[in-house]
file protein-v6.txt (compact mmCIF, N, CA and C atoms)
# COMPACT_ATOMS: atom_id res chain seq x y z
N MET O 1 12.09 -9.49 -5.53
CA MET O 1 11.29 -8.37 -6.00
C MET O 1 12.20 -7.14 -6.14
N PRO O 2 12.27 -6.50 -7.34
CA PRO O 2 13.16 -5.36 -7.49
C PRO O 2 12.74 -4.20 -6.60
N ARG O 3 13.71 -3.52 -6.05
CA ARG O 3 13.45 -2.37 -5.19
C ARG O 3 14.07 -1.15 -5.86
N PRO O 4 13.48 0.03 -5.63
CA PRO O 4 14.08 1.23 -6.18
C PRO O 4 15.53 1.38 -5.74
N ASN O 5 16.33 2.01 -6.56
CA ASN O 5 17.74 2.21 -6.31
C ASN O 5 17.93 2.98 -5.00
N PRO O 6 18.49 2.34 -3.98
CA PRO O 6 18.64 3.03 -2.70
C PRO O 6 19.54 4.26 -2.80
N GLY O 7 20.39 4.33 -3.83
CA GLY O 7 21.23 5.50 -4.02
C GLY O 7 20.43 6.76 -4.28
N PHE O 8 19.20 6.62 -4.73
CA PHE O 8 18.35 7.78 -4.98
C PHE O 8 17.49 8.12 -3.76
N GLY O 9 17.58 7.33 -2.71
CA GLY O 9 16.85 7.64 -1.48
C GLY O 9 15.35 7.43 -1.57
N VAL O 10 14.89 6.56 -2.45
CA VAL O 10 13.46 6.31 -2.59
C VAL O 10 13.07 5.13 -1.70
N ASP O 11 12.10 5.37 -0.82
CA ASP O 11 11.59 4.32 0.05
C ASP O 11 10.22 3.90 -0.47
N PRO O 12 10.10 2.72 -1.07
CA PRO O 12 8.81 2.31 -1.63
C PRO O 12 7.70 2.23 -0.58
N GLU O 13 8.07 2.05 0.68
CA GLU O 13 7.07 1.98 1.75
C GLU O 13 6.37 3.32 1.96
N SER O 14 6.95 4.41 1.48
CA SER O 14 6.35 5.74 1.66
C SER O 14 5.33 6.07 0.56
N PHE O 15 5.10 5.14 -0.36
CA PHE O 15 4.17 5.37 -1.46
C PHE O 15 2.88 4.59 -1.23
N ASP O 16 1.80 5.11 -1.79
CA ASP O 16 0.51 4.42 -1.70
C ASP O 16 0.50 3.17 -2.55
N ILE O 17 1.12 3.24 -3.72
CA ILE O 17 1.12 2.12 -4.67
C ILE O 17 2.48 2.03 -5.34
N VAL O 18 2.98 0.81 -5.50
CA VAL O 18 4.21 0.57 -6.24
C VAL O 18 3.92 -0.51 -7.28
N VAL O 19 4.19 -0.18 -8.55
CA VAL O 19 4.05 -1.14 -9.63
C VAL O 19 5.46 -1.48 -10.12
N HIS O 20 5.81 -2.75 -10.03
CA HIS O 20 7.12 -3.19 -10.50
C HIS O 20 7.03 -3.47 -12.00
N ILE O 21 7.97 -2.95 -12.74
CA ILE O 21 8.01 -3.13 -14.18
C ILE O 21 9.05 -4.21 -14.48
N ARG O 22 8.57 -5.36 -14.95
CA ARG O 22 9.45 -6.48 -15.29
C ARG O 22 9.15 -7.02 -16.67
N ARG O 23 7.89 -6.90 -17.07
CA ARG O 23 7.43 -7.43 -18.37
C ARG O 23 6.70 -6.31 -19.10
N GLU O 24 6.54 -6.48 -20.39
CA GLU O 24 5.86 -5.46 -21.17
C GLU O 24 4.42 -5.24 -20.68
N GLN O 25 3.77 -6.29 -20.21
CA GLN O 25 2.40 -6.18 -19.70
C GLN O 25 2.31 -5.26 -18.48
N ASP O 26 3.41 -5.10 -17.75
CA ASP O 26 3.42 -4.23 -16.57
C ASP O 26 3.22 -2.77 -16.94
N ILE O 27 3.52 -2.41 -18.17
CA ILE O 27 3.28 -1.03 -18.65
C ILE O 27 1.79 -0.75 -18.61
N ALA O 28 0.99 -1.68 -19.12
CA ALA O 28 -0.48 -1.52 -19.11
C ALA O 28 -1.01 -1.50 -17.68
N THR O 29 -0.43 -2.32 -16.82
CA THR O 29 -0.85 -2.33 -15.41
C THR O 29 -0.58 -0.97 -14.78
N ALA O 30 0.60 -0.41 -15.01
CA ALA O 30 0.93 0.91 -14.45
C ALA O 30 -0.02 1.98 -14.96
N ARG O 31 -0.36 1.92 -16.24
CA ARG O 31 -1.32 2.88 -16.83
C ARG O 31 -2.67 2.79 -16.12
N GLN O 32 -3.17 1.57 -15.94
CA GLN O 32 -4.49 1.38 -15.33
C GLN O 32 -4.48 1.81 -13.86
N VAL O 33 -3.40 1.49 -13.17
CA VAL O 33 -3.30 1.85 -11.76
C VAL O 33 -3.32 3.36 -11.58
N VAL O 34 -2.53 4.10 -12.38
CA VAL O 34 -2.51 5.55 -12.23
C VAL O 34 -3.84 6.16 -12.67
N LYS O 35 -4.47 5.59 -13.67
CA LYS O 35 -5.78 6.08 -14.10
C LYS O 35 -6.78 5.96 -12.96
N ASN O 36 -6.85 4.79 -12.36
CA ASN O 36 -7.78 4.57 -11.24
C ASN O 36 -7.44 5.48 -10.06
N PHE O 37 -6.17 5.59 -9.74
CA PHE O 37 -5.71 6.40 -8.61
C PHE O 37 -6.10 7.87 -8.82
N ALA O 38 -5.86 8.39 -10.01
CA ALA O 38 -6.19 9.79 -10.30
C ALA O 38 -7.71 10.01 -10.29
N GLN O 39 -8.47 9.09 -10.84
CA GLN O 39 -9.93 9.21 -10.83
C GLN O 39 -10.47 9.18 -9.40
N GLU O 40 -9.97 8.25 -8.60
CA GLU O 40 -10.42 8.13 -7.21
C GLU O 40 -10.08 9.37 -6.39
N ASN O 41 -9.08 10.12 -6.83
CA ASN O 41 -8.66 11.31 -6.10
C ASN O 41 -9.17 12.60 -6.73
N GLY O 42 -10.19 12.50 -7.58
CA GLY O 42 -10.92 13.66 -8.07
C GLY O 42 -10.28 14.47 -9.18
N PHE O 43 -9.38 13.89 -9.93
CA PHE O 43 -8.77 14.62 -11.04
C PHE O 43 -9.72 14.69 -12.22
N SER O 44 -9.60 15.76 -13.00
CA SER O 44 -10.41 15.92 -14.20
C SER O 44 -10.01 14.87 -15.23
N LEU O 45 -10.87 14.63 -16.20
CA LEU O 45 -10.58 13.68 -17.26
C LEU O 45 -9.29 14.06 -17.99
N SER O 46 -9.11 15.35 -18.22
CA SER O 46 -7.90 15.82 -18.90
C SER O 46 -6.65 15.49 -18.09
N ASP O 47 -6.68 15.74 -16.79
CA ASP O 47 -5.51 15.48 -15.96
C ASP O 47 -5.30 13.99 -15.72
N VAL O 48 -6.37 13.21 -15.69
CA VAL O 48 -6.24 11.75 -15.61
C VAL O 48 -5.49 11.26 -16.85
N THR O 49 -5.88 11.78 -18.01
CA THR O 49 -5.24 11.40 -19.27
C THR O 49 -3.77 11.80 -19.29
N LYS O 50 -3.46 12.99 -18.82
CA LYS O 50 -2.06 13.45 -18.79
C LYS O 50 -1.21 12.58 -17.87
N ALA O 51 -1.72 12.28 -16.68
CA ALA O 51 -0.96 11.45 -15.74
C ALA O 51 -0.79 10.04 -16.29
N THR O 52 -1.84 9.51 -16.90
CA THR O 52 -1.78 8.16 -17.47
C THR O 52 -0.78 8.10 -18.62
N THR O 53 -0.77 9.10 -19.46
CA THR O 53 0.18 9.17 -20.57
C THR O 53 1.61 9.27 -20.05
N ALA O 54 1.81 10.09 -19.03
CA ALA O 54 3.15 10.24 -18.45
C ALA O 54 3.64 8.92 -17.87
N VAL O 55 2.79 8.23 -17.12
CA VAL O 55 3.20 6.95 -16.53
C VAL O 55 3.45 5.92 -17.61
N SER O 56 2.67 5.93 -18.65
CA SER O 56 2.90 5.00 -19.74
C SER O 56 4.29 5.19 -20.33
N GLU O 57 4.67 6.43 -20.56
CA GLU O 57 5.99 6.72 -21.11
C GLU O 57 7.10 6.33 -20.14
N LEU O 58 6.93 6.65 -18.86
CA LEU O 58 7.95 6.32 -17.87
C LEU O 58 8.12 4.81 -17.71
N ALA O 59 7.00 4.10 -17.65
CA ALA O 59 7.07 2.63 -17.52
C ALA O 59 7.69 2.01 -18.77
N ARG O 60 7.33 2.53 -19.94
CA ARG O 60 7.91 2.01 -21.18
C ARG O 60 9.42 2.25 -21.22
N ASN O 61 9.86 3.40 -20.75
CA ASN O 61 11.30 3.68 -20.71
C ASN O 61 12.02 2.71 -19.77
N ILE O 62 11.41 2.42 -18.63
CA ILE O 62 12.01 1.46 -17.71
C ILE O 62 12.16 0.12 -18.41
N TYR O 63 11.09 -0.35 -19.01
CA TYR O 63 11.11 -1.66 -19.66
C TYR O 63 12.11 -1.68 -20.82
N ARG O 64 12.08 -0.65 -21.63
CA ARG O 64 12.90 -0.59 -22.85
C ARG O 64 14.39 -0.43 -22.55
N TYR O 65 14.72 0.44 -21.63
CA TYR O 65 16.12 0.79 -21.43
C TYR O 65 16.77 0.12 -20.22
N ALA O 66 16.01 -0.13 -19.15
CA ALA O 66 16.59 -0.69 -17.93
C ALA O 66 16.23 -2.16 -17.74
N GLY O 67 15.12 -2.58 -18.34
CA GLY O 67 14.66 -3.96 -18.16
C GLY O 67 13.72 -4.12 -17.00
N THR O 68 14.08 -3.56 -15.84
CA THR O 68 13.21 -3.62 -14.66
C THR O 68 13.32 -2.32 -13.88
N GLY O 69 12.32 -2.08 -13.08
CA GLY O 69 12.29 -0.89 -12.23
C GLY O 69 10.94 -0.79 -11.57
N SER O 70 10.62 0.38 -11.06
CA SER O 70 9.36 0.58 -10.35
C SER O 70 8.75 1.93 -10.70
N VAL O 71 7.41 1.95 -10.69
CA VAL O 71 6.64 3.19 -10.78
C VAL O 71 5.90 3.30 -9.46
N CYS O 72 6.17 4.38 -8.73
CA CYS O 72 5.62 4.58 -7.39
C CYS O 72 4.65 5.76 -7.42
N LEU O 73 3.51 5.63 -6.74
CA LEU O 73 2.48 6.67 -6.73
C LEU O 73 2.11 7.01 -5.30
N ARG O 74 1.85 8.30 -5.06
CA ARG O 74 1.32 8.70 -3.76
C ARG O 74 0.60 10.03 -3.88
N ARG O 75 -0.31 10.23 -2.94
CA ARG O 75 -0.99 11.52 -2.84
C ARG O 75 0.03 12.53 -2.31
N THR O 76 -0.12 13.77 -2.74
CA THR O 76 0.74 14.84 -2.25
C THR O 76 -0.09 16.12 -2.21
N THR O 77 0.44 17.17 -1.67
CA THR O 77 -0.22 18.48 -1.68
C THR O 77 0.83 19.55 -1.96
N ARG O 78 0.34 20.68 -2.40
CA ARG O 78 1.23 21.83 -2.53
C ARG O 78 0.50 23.05 -1.99
N ASP O 79 1.14 24.20 -2.05
CA ASP O 79 0.65 25.45 -1.49
C ASP O 79 -0.87 25.47 -1.28
N ARG O 80 -1.23 25.84 -0.08
CA ARG O 80 -2.64 25.95 0.35
C ARG O 80 -3.38 24.62 0.27
N GLY O 81 -2.65 23.52 0.31
CA GLY O 81 -3.29 22.21 0.40
C GLY O 81 -3.85 21.66 -0.90
N THR O 82 -3.45 22.18 -2.05
CA THR O 82 -3.94 21.67 -3.32
C THR O 82 -3.55 20.20 -3.46
N PRO O 83 -4.55 19.30 -3.60
CA PRO O 83 -4.23 17.88 -3.70
C PRO O 83 -3.54 17.54 -5.02
N GLY O 84 -2.64 16.59 -4.93
CA GLY O 84 -1.92 16.18 -6.13
C GLY O 84 -1.56 14.71 -6.10
N LEU O 85 -0.94 14.32 -7.19
CA LEU O 85 -0.48 12.95 -7.39
C LEU O 85 1.01 13.04 -7.73
N GLU O 86 1.83 12.34 -6.95
CA GLU O 86 3.26 12.30 -7.22
C GLU O 86 3.60 10.94 -7.82
N ILE O 87 4.40 10.96 -8.87
CA ILE O 87 4.84 9.76 -9.57
C ILE O 87 6.36 9.73 -9.52
N VAL O 88 6.90 8.61 -9.09
CA VAL O 88 8.35 8.42 -9.13
C VAL O 88 8.61 7.14 -9.90
N ALA O 89 9.39 7.27 -10.97
CA ALA O 89 9.80 6.11 -11.76
C ALA O 89 11.30 5.95 -11.54
N VAL O 90 11.71 4.75 -11.14
CA VAL O 90 13.11 4.55 -10.78
C VAL O 90 13.59 3.19 -11.29
N ASP O 91 14.84 3.18 -11.74
CA ASP O 91 15.42 1.93 -12.23
C ASP O 91 16.90 1.89 -11.92
N ARG O 92 17.49 0.73 -12.14
CA ARG O 92 18.93 0.53 -11.97
C ARG O 92 19.57 0.25 -13.32
N GLY O 93 19.07 0.91 -14.35
CA GLY O 93 19.55 0.68 -15.70
C GLY O 93 20.85 1.39 -16.01
N PRO O 94 21.12 1.56 -17.30
CA PRO O 94 22.39 2.15 -17.72
C PRO O 94 22.50 3.65 -17.47
N GLY O 95 21.40 4.30 -17.11
CA GLY O 95 21.43 5.74 -16.91
C GLY O 95 21.38 6.49 -18.23
N ILE O 96 21.26 7.78 -18.14
CA ILE O 96 21.18 8.64 -19.33
C ILE O 96 22.43 9.50 -19.35
N PRO O 97 23.28 9.32 -20.35
CA PRO O 97 24.55 10.07 -20.36
C PRO O 97 24.38 11.57 -20.61
N ASP O 98 23.34 11.99 -21.33
CA ASP O 98 23.16 13.41 -21.65
C ASP O 98 21.69 13.78 -21.44
N VAL O 99 21.33 14.04 -20.19
CA VAL O 99 19.94 14.35 -19.83
C VAL O 99 19.44 15.57 -20.58
N ALA O 100 20.24 16.62 -20.68
CA ALA O 100 19.81 17.85 -21.35
C ALA O 100 19.42 17.56 -22.80
N ARG O 101 20.17 16.73 -23.47
CA ARG O 101 19.86 16.39 -24.87
C ARG O 101 18.55 15.63 -24.96
N VAL O 102 18.34 14.69 -24.06
CA VAL O 102 17.11 13.91 -24.05
C VAL O 102 15.91 14.81 -23.79
N LEU O 103 16.04 15.76 -22.86
CA LEU O 103 14.93 16.65 -22.52
C LEU O 103 14.65 17.70 -23.58
N SER O 104 15.58 17.89 -24.51
CA SER O 104 15.34 18.86 -25.57
C SER O 104 14.35 18.33 -26.60
N GLY O 105 14.11 17.02 -26.58
CA GLY O 105 13.17 16.41 -27.52
C GLY O 105 13.85 16.08 -28.83
N GLY O 106 13.31 15.08 -29.51
CA GLY O 106 13.84 14.70 -30.81
C GLY O 106 15.07 13.82 -30.77
N PHE O 107 15.48 13.39 -29.57
CA PHE O 107 16.65 12.52 -29.45
C PHE O 107 16.27 11.24 -28.72
N SER O 108 16.70 10.13 -29.24
CA SER O 108 16.48 8.85 -28.58
C SER O 108 17.56 7.88 -29.02
N THR O 109 17.92 6.99 -28.11
CA THR O 109 18.85 5.92 -28.48
C THR O 109 18.07 4.71 -28.98
N TYR O 110 16.74 4.76 -28.88
CA TYR O 110 15.91 3.66 -29.34
C TYR O 110 15.57 3.90 -30.81
N GLU O 111 15.84 2.94 -31.63
CA GLU O 111 15.73 3.06 -33.08
C GLU O 111 14.36 3.51 -33.59
N ARG O 112 13.29 3.00 -33.02
CA ARG O 112 11.95 3.30 -33.52
C ARG O 112 11.22 4.33 -32.67
N SER O 113 11.92 5.29 -32.13
CA SER O 113 11.33 6.28 -31.24
C SER O 113 11.41 7.67 -31.87
N LEU O 114 10.42 8.48 -31.55
CA LEU O 114 10.45 9.88 -32.00
C LEU O 114 11.29 10.74 -31.08
N GLY O 115 11.64 10.22 -29.91
CA GLY O 115 12.48 10.97 -28.99
C GLY O 115 11.76 12.09 -28.27
N ILE O 116 10.46 11.95 -28.05
CA ILE O 116 9.70 13.01 -27.36
C ILE O 116 9.23 12.57 -25.98
N GLY O 117 9.64 11.39 -25.53
CA GLY O 117 9.13 10.80 -24.31
C GLY O 117 9.30 11.62 -23.05
N LEU O 118 10.53 11.78 -22.56
CA LEU O 118 10.74 12.51 -21.31
C LEU O 118 10.41 13.99 -21.46
N ALA O 119 10.69 14.57 -22.60
CA ALA O 119 10.30 15.97 -22.83
C ALA O 119 8.79 16.10 -22.79
N GLY O 120 8.09 15.11 -23.32
CA GLY O 120 6.62 15.11 -23.27
C GLY O 120 6.10 14.96 -21.87
N VAL O 121 6.71 14.08 -21.08
CA VAL O 121 6.31 13.92 -19.68
C VAL O 121 6.47 15.25 -18.95
N ARG O 122 7.57 15.92 -19.18
CA ARG O 122 7.79 17.22 -18.54
C ARG O 122 6.70 18.23 -18.89
N ARG O 123 6.27 18.23 -20.15
CA ARG O 123 5.21 19.16 -20.57
C ARG O 123 3.84 18.79 -19.99
N LEU O 124 3.57 17.50 -19.82
CA LEU O 124 2.27 17.05 -19.34
C LEU O 124 2.04 17.30 -17.85
N MET O 125 3.13 17.31 -17.10
CA MET O 125 3.02 17.36 -15.64
C MET O 125 3.28 18.76 -15.11
N ASP O 126 2.84 19.03 -13.87
CA ASP O 126 3.05 20.33 -13.24
C ASP O 126 4.46 20.47 -12.66
N GLU O 127 5.03 19.37 -12.21
CA GLU O 127 6.39 19.36 -11.70
C GLU O 127 7.13 18.20 -12.36
N PHE O 128 8.41 18.39 -12.56
CA PHE O 128 9.21 17.35 -13.21
C PHE O 128 10.66 17.51 -12.79
N GLU O 129 11.28 16.41 -12.39
CA GLU O 129 12.73 16.42 -12.15
C GLU O 129 13.28 15.06 -12.52
N ILE O 130 14.53 15.05 -12.89
CA ILE O 130 15.18 13.81 -13.28
C ILE O 130 16.60 13.77 -12.71
N ARG O 131 16.96 12.60 -12.22
CA ARG O 131 18.33 12.35 -11.79
C ARG O 131 18.76 11.07 -12.48
N SER O 132 19.91 11.10 -13.10
CA SER O 132 20.40 9.92 -13.78
C SER O 132 21.90 9.81 -13.59
N GLU O 133 22.34 8.61 -13.27
CA GLU O 133 23.76 8.34 -13.09
C GLU O 133 24.15 7.23 -14.06
N PRO O 134 24.97 7.54 -15.07
CA PRO O 134 25.40 6.50 -15.99
C PRO O 134 25.96 5.29 -15.24
N GLY O 135 25.43 4.13 -15.58
CA GLY O 135 25.84 2.89 -14.94
C GLY O 135 25.10 2.57 -13.66
N ALA O 136 24.30 3.50 -13.14
CA ALA O 136 23.63 3.29 -11.85
C ALA O 136 22.11 3.36 -11.93
N GLY O 137 21.57 4.09 -12.89
CA GLY O 137 20.12 4.17 -13.01
C GLY O 137 19.59 5.57 -13.17
N THR O 138 18.26 5.63 -13.19
CA THR O 138 17.56 6.90 -13.42
C THR O 138 16.36 6.99 -12.49
N LEU O 139 16.09 8.18 -12.01
CA LEU O 139 14.90 8.48 -11.24
C LEU O 139 14.22 9.68 -11.88
N VAL O 140 12.93 9.53 -12.15
CA VAL O 140 12.12 10.65 -12.64
C VAL O 140 11.02 10.87 -11.62
N ARG O 141 10.87 12.10 -11.16
CA ARG O 141 9.79 12.48 -10.26
C ARG O 141 8.94 13.52 -10.96
N ALA O 142 7.64 13.26 -10.97
CA ALA O 142 6.70 14.18 -11.61
C ALA O 142 5.47 14.30 -10.73
N ALA O 143 4.81 15.43 -10.80
CA ALA O 143 3.59 15.63 -10.01
C ALA O 143 2.55 16.36 -10.85
N LYS O 144 1.30 16.04 -10.59
CA LYS O 144 0.16 16.69 -11.22
C LYS O 144 -0.76 17.11 -10.08
N TYR O 145 -1.27 18.36 -10.15
CA TYR O 145 -2.13 18.88 -9.09
C TYR O 145 -3.53 19.14 -9.63
N ARG O 146 -4.53 18.91 -8.75
CA ARG O 146 -5.92 19.13 -9.17
C ARG O 146 -6.16 20.60 -9.44
N ARG O 147 -6.96 20.85 -10.46
CA ARG O 147 -7.33 22.22 -10.84
C ARG O 147 -8.58 22.64 -10.08
N GLY O 148 -8.69 23.94 -9.85
CA GLY O 148 -9.91 24.50 -9.28
C GLY O 148 -10.17 24.06 -7.85
N PHE O 149 -9.15 23.70 -7.14
CA PHE O 149 -9.34 23.27 -5.77
C PHE O 149 -9.32 24.45 -4.85
call {"tool": "encode", "arguments": {"input": "protein-v6.txt", "output": "structure tokens"}}
result
Amino acid sequence: MPRPNPGFGVDPESFDIVVHIRREQDIATARQVVKNFAQENGFSLSDVTKATTAVSELARNIYRYAGTGSVCLRRTTRDRGTPGLEIVAVDRGPGIPDVARVLSGGFSTYERSLGIGLAGVRRLMDEFEIRSEPGAGTLVRAAKYRRGF
């Protein structure tokens, strides 16, 4: 069973749910899991959709570029206890040689892509960070927090 890249310090045991991405069908599984998780934790329809879209893009990137990896989910909180959902997508793929270029939007190494994936994830979520090491893999951490709490 693939485990997140230990070089990034991700412990899958610290997450509520871990979806391993190995086949294209796992992308749909990750989407459904985050949708259910966000709904069960009281997120609005709009924020459920944003989190689901973000996970879909992250899982697709794992499958497309790394072949295998994991999407990890857990409850989190921020200032004054606002409940949230943290998503960590991690793989041991080729890494991203120019993260800044990828995050600017409009760039992709995939032939049939618009190149808005990771830049779109960043816009959809309340928090976003990425670490990538060429030849070692990529970790994307994103969080969405409930509104009106």
call {"tool": "residues_around", "arguments": {"input": "protein-v6.txt", "residues": "segment 27-35 of chain O", "least_positions_apart": "4", "cutoff": "9 Å", "atoms": "only C-alpha atoms", "output": "mmCIF file with N, CA and C atoms, keeping the file's coordinate frame"}}
result
data_model
loop_
_atom_site.group_PDB
_atom_site.id
_atom_site.type_symbol
_atom_site.label_atom_id
_atom_site.label_comp_id
_atom_site.auth_asym_id
_atom_site.auth_seq_id
_atom_site.Cartn_x
_atom_site.Cartn_y
_atom_site.Cartn_z
ATOM 1 N N ILE O 17 1.120 3.240 -3.720
ATOM 2 C CA ILE O 17 1.120 2.120 -4.670
ATOM 3 C C ILE O 17 2.480 2.030 -5.340
ATOM 4 N N VAL O 18 2.980 0.810 -5.500
ATOM 5 C CA VAL O 18 4.210 0.570 -6.240
ATOM 6 C C VAL O 18 3.920 -0.510 -7.280
ATOM 7 N N VAL O 19 4.190 -0.180 -8.550
ATOM 8 C CA VAL O 19 4.050 -1.140 -9.630
ATOM 9 C C VAL O 19 5.460 -1.480 -10.120
ATOM 10 N N HIS O 20 5.810 -2.750 -10.030
ATOM 11 C CA HIS O 20 7.120 -3.190 -10.500
ATOM 12 C C HIS O 20 7.030 -3.470 -12.000
ATOM 13 N N ILE O 21 7.970 -2.950 -12.740
ATOM 14 C CA ILE O 21 8.010 -3.130 -14.180
ATOM 15 C C ILE O 21 9.050 -4.210 -14.480
ATOM 16 N N ARG O 22 8.570 -5.360 -14.950
ATOM 17 C CA ARG O 22 9.450 -6.480 -15.290
ATOM 18 C C ARG O 22 9.150 -7.020 -16.670
ATOM 19 N N ARG O 23 7.890 -6.900 -17.070
ATOM 20 C CA ARG O 23 7.430 -7.430 -18.370
ATOM 21 C C ARG O 23 6.700 -6.310 -19.100
ATOM 22 N N GLN O 39 -8.470 9.090 -10.840
ATOM 23 C CA GLN O 39 -9.930 9.210 -10.830
ATOM 24 C C GLN O 39 -10.470 9.180 -9.400
ATOM 25 N N GLU O 40 -9.970 8.250 -8.600
ATOM 26 C CA GLU O 40 -10.420 8.130 -7.210
ATOM 27 C C GLU O 40 -10.080 9.370 -6.390
ATOM 28 N N VAL O 48 -6.370 13.210 -15.690
ATOM 29 C CA VAL O 48 -6.240 11.750 -15.610
ATOM 30 C C VAL O 48 -5.490 11.260 -16.850
ATOM 31 N N THR O 49 -5.880 11.780 -18.010
ATOM 32 C CA THR O 49 -5.240 11.400 -19.270
ATOM 33 C C THR O 49 -3.770 11.800 -19.290
ATOM 34 N N ALA O 51 -1.720 12.280 -16.680
ATOM 35 C CA ALA O 51 -0.960 11.450 -15.740
ATOM 36 C C ALA O 51 -0.790 10.040 -16.290
ATOM 37 N N THR O 52 -1.840 9.510 -16.900
ATOM 38 C CA THR O 52 -1.780 8.160 -17.470
ATOM 39 C C THR O 52 -0.780 8.100 -18.620
ATOM 40 N N THR O 53 -0.770 9.100 -19.460
ATOM 41 C CA THR O 53 0.180 9.170 -20.570
ATOM 42 C C THR O 53 1.610 9.270 -20.050
ATOM 43 N N ALA O 54 1.810 10.090 -19.030
ATOM 44 C CA ALA O 54 3.150 10.240 -18.450
ATOM 45 C C ALA O 54 3.640 8.920 -17.870
ATOM 46 N N VAL O 55 2.790 8.230 -17.120
ATOM 47 C CA VAL O 55 3.200 6.950 -16.530
ATOM 48 C C VAL O 55 3.450 5.920 -17.610
ATOM 49 N N SER O 56 2.670 5.930 -18.650
ATOM 50 C CA SER O 56 2.900 5.000 -19.740
ATOM 51 C C SER O 56 4.290 5.190 -20.330
ATOM 52 N N GLU O 57 4.670 6.430 -20.560
ATOM 53 C CA GLU O 57 5.990 6.720 -21.110
ATOM 54 C C GLU O 57 7.100 6.330 -20.140
ATOM 55 N N LEU O 58 6.930 6.650 -18.860
ATOM 56 C CA LEU O 58 7.950 6.320 -17.870
ATOM 57 C C LEU O 58 8.120 4.810 -17.710
ATOM 58 N N ALA O 59 7.000 4.100 -17.650
ATOM 59 C CA ALA O 59 7.070 2.630 -17.520
ATOM 60 C C ALA O 59 7.690 2.010 -18.770
ATOM 61 N N ARG O 60 7.330 2.530 -19.940
ATOM 62 C CA ARG O 60 7.910 2.010 -21.180
ATOM 63 C C ARG O 60 9.420 2.250 -21.220
ATOM 64 N N TYR O 63 11.090 -0.350 -19.010
ATOM 65 C CA TYR O 63 11.110 -1.660 -19.660
ATOM 66 C C TYR O 63 12.110 -1.680 -20.820
ATOM 67 N N VAL O 71 7.410 1.950 -10.690
ATOM 68 C CA VAL O 71 6.640 3.190 -10.780
ATOM 69 C C VAL O 71 5.900 3.300 -9.460
ATOM 70 N N LEU O 73 3.510 5.630 -6.740
ATOM 71 C CA LEU O 73 2.480 6.670 -6.730
ATOM 72 C C LEU O 73 2.110 7.010 -5.300
ATOM 73 N N ILE O 87 4.400 10.960 -8.870
ATOM 74 C CA ILE O 87 4.840 9.760 -9.570
ATOM 75 C C ILE O 87 6.360 9.730 -9.520
#
call {"tool": "select_by_dssp", "arguments": {"input": "protein-v6.txt", "residues": "segment 41-80 of chain O", "states": "strand (DSSP E)", "output": "list in words"}}
result
Gly69, Ser70, Val71, Cys72, Leu73, Arg74, Arg75, Thr76, Thr77 and Arg78 of chain O
call {"tool": "atom_distance", "arguments": {"input": "protein-v6.txt", "atom1": "atom CA of Asp91 of chain O", "atom2": "atom C of Leu45 of chain O"}}
result
28.1 Å
call {"tool": "axis_aligned_box", "arguments": {"input": "protein-v6.txt", "around": "segment 98-101 of chain O", "padding_each_side": "4 Å", "output": "AutoDock Vina command-line options"}}
result
--center_x 20.9 --center_y 14.9 --center_z -22.4 --size_x 12.8 --size_y 13.9 --size_z 13.1
call {"tool": "residues_around", "arguments": {"input": "protein-v6.txt", "residues": "segment 77-83 of chain O", "least_positions_apart": "6", "cutoff": "10 Å", "atoms": "only C-alpha atoms", "output": "CSV table (one decimal) with N, CA and C atoms, keeping the file's coordinate frame"}}
result
chain,number,residue,atom,x,y,z
O,41,ASN,N,-9.1,10.1,-6.8
O,41,ASN,CA,-8.7,11.3,-6.1
O,41,ASN,C,-9.2,12.6,-6.7
O,42,GLY,N,-10.2,12.5,-7.6
O,42,GLY,CA,-10.9,13.7,-8.1
O,42,GLY,C,-10.3,14.5,-9.2
O,43,PHE,N,-9.4,13.9,-9.9
O,43,PHE,CA,-8.8,14.6,-11.0
O,43,PHE,C,-9.7,14.7,-12.2
O,143,ALA,N,4.8,15.4,-10.8
O,143,ALA,CA,3.6,15.6,-10.0
O,143,ALA,C,2.6,16.4,-10.8
O,144,LYS,N,1.3,16.0,-10.6
O,144,LYS,CA,0.2,16.7,-11.2
O,144,LYS,C,-0.8,17.1,-10.1
O,145,TYR,N,-1.3,18.4,-10.2
O,145,TYR,CA,-2.1,18.9,-9.1
O,145,TYR,C,-3.5,19.1,-9.6
O,146,ARG,N,-4.5,18.9,-8.8
O,146,ARG,CA,-5.9,19.1,-9.2
O,146,ARG,C,-6.2,20.6,-9.4
O,147,ARG,N,-7.0,20.8,-10.5
O,147,ARG,CA,-7.3,22.2,-10.8
O,147,ARG,C,-8.6,22.6,-10.1
O,148,GLY,N,-8.7,23.9,-9.8
O,148,GLY,CA,-9.9,24.5,-9.3
O,148,GLY,C,-10.2,24.1,-7.8
O,149,PHE,N,-9.2,23.7,-7.1
O,149,PHE,CA,-9.3,23.3,-5.8
O,149,PHE,C,-9.3,24.4,-4.8
call {"tool": "closest_residue", "arguments": {"input": "protein-v6.txt", "among": "O:Ser14, O:Arg141, O:Glu24, O:Arg64", "to": "Glu127 of chain O", "atoms": "all atoms listed in the file"}}
result
O:Arg141
call {"tool": "residues_around", "arguments": {"input": "protein-v6.txt", "residues": "Ile96 of chain O", "least_positions_apart": "6", "cutoff": "6 Å", "atoms": "all atoms listed in the file", "output": "PyMOL selection string"}}
result
chain O and resi 132-134+137
call {"tool": "residues_around", "arguments": {"input": "protein-v6.txt", "residues": "Phe128 of chain O", "least_positions_apart": "4", "cutoff": "10 Å", "atoms": "only C-alpha atoms", "output": "list of chain:residue names"}}
result
O:Glu86, O:Ile87, O:Val88, O:Leu118, O:Ala119, O:Val121, O:Arg122, O:Arg123, O:Leu124, O:Val140, O:Arg141, O:Ala142, O:Ala143, O:Lys144
call {"tool": "closest_residue", "arguments": {"input": "protein-v6.txt", "among": "O:Ile130, O:Met125, O:Val102, O:Ala136", "to": "Lys50 of chain O", "atoms": "all atoms listed in the file"}}
result
O:Met125
call {"tool": "atom_distance", "arguments": {"input": "protein-v6.txt", "atom1": "atom CA of Ala89 of chain O", "atom2": "atom CA of Gly120 of chain O"}}
result
15.0 Å
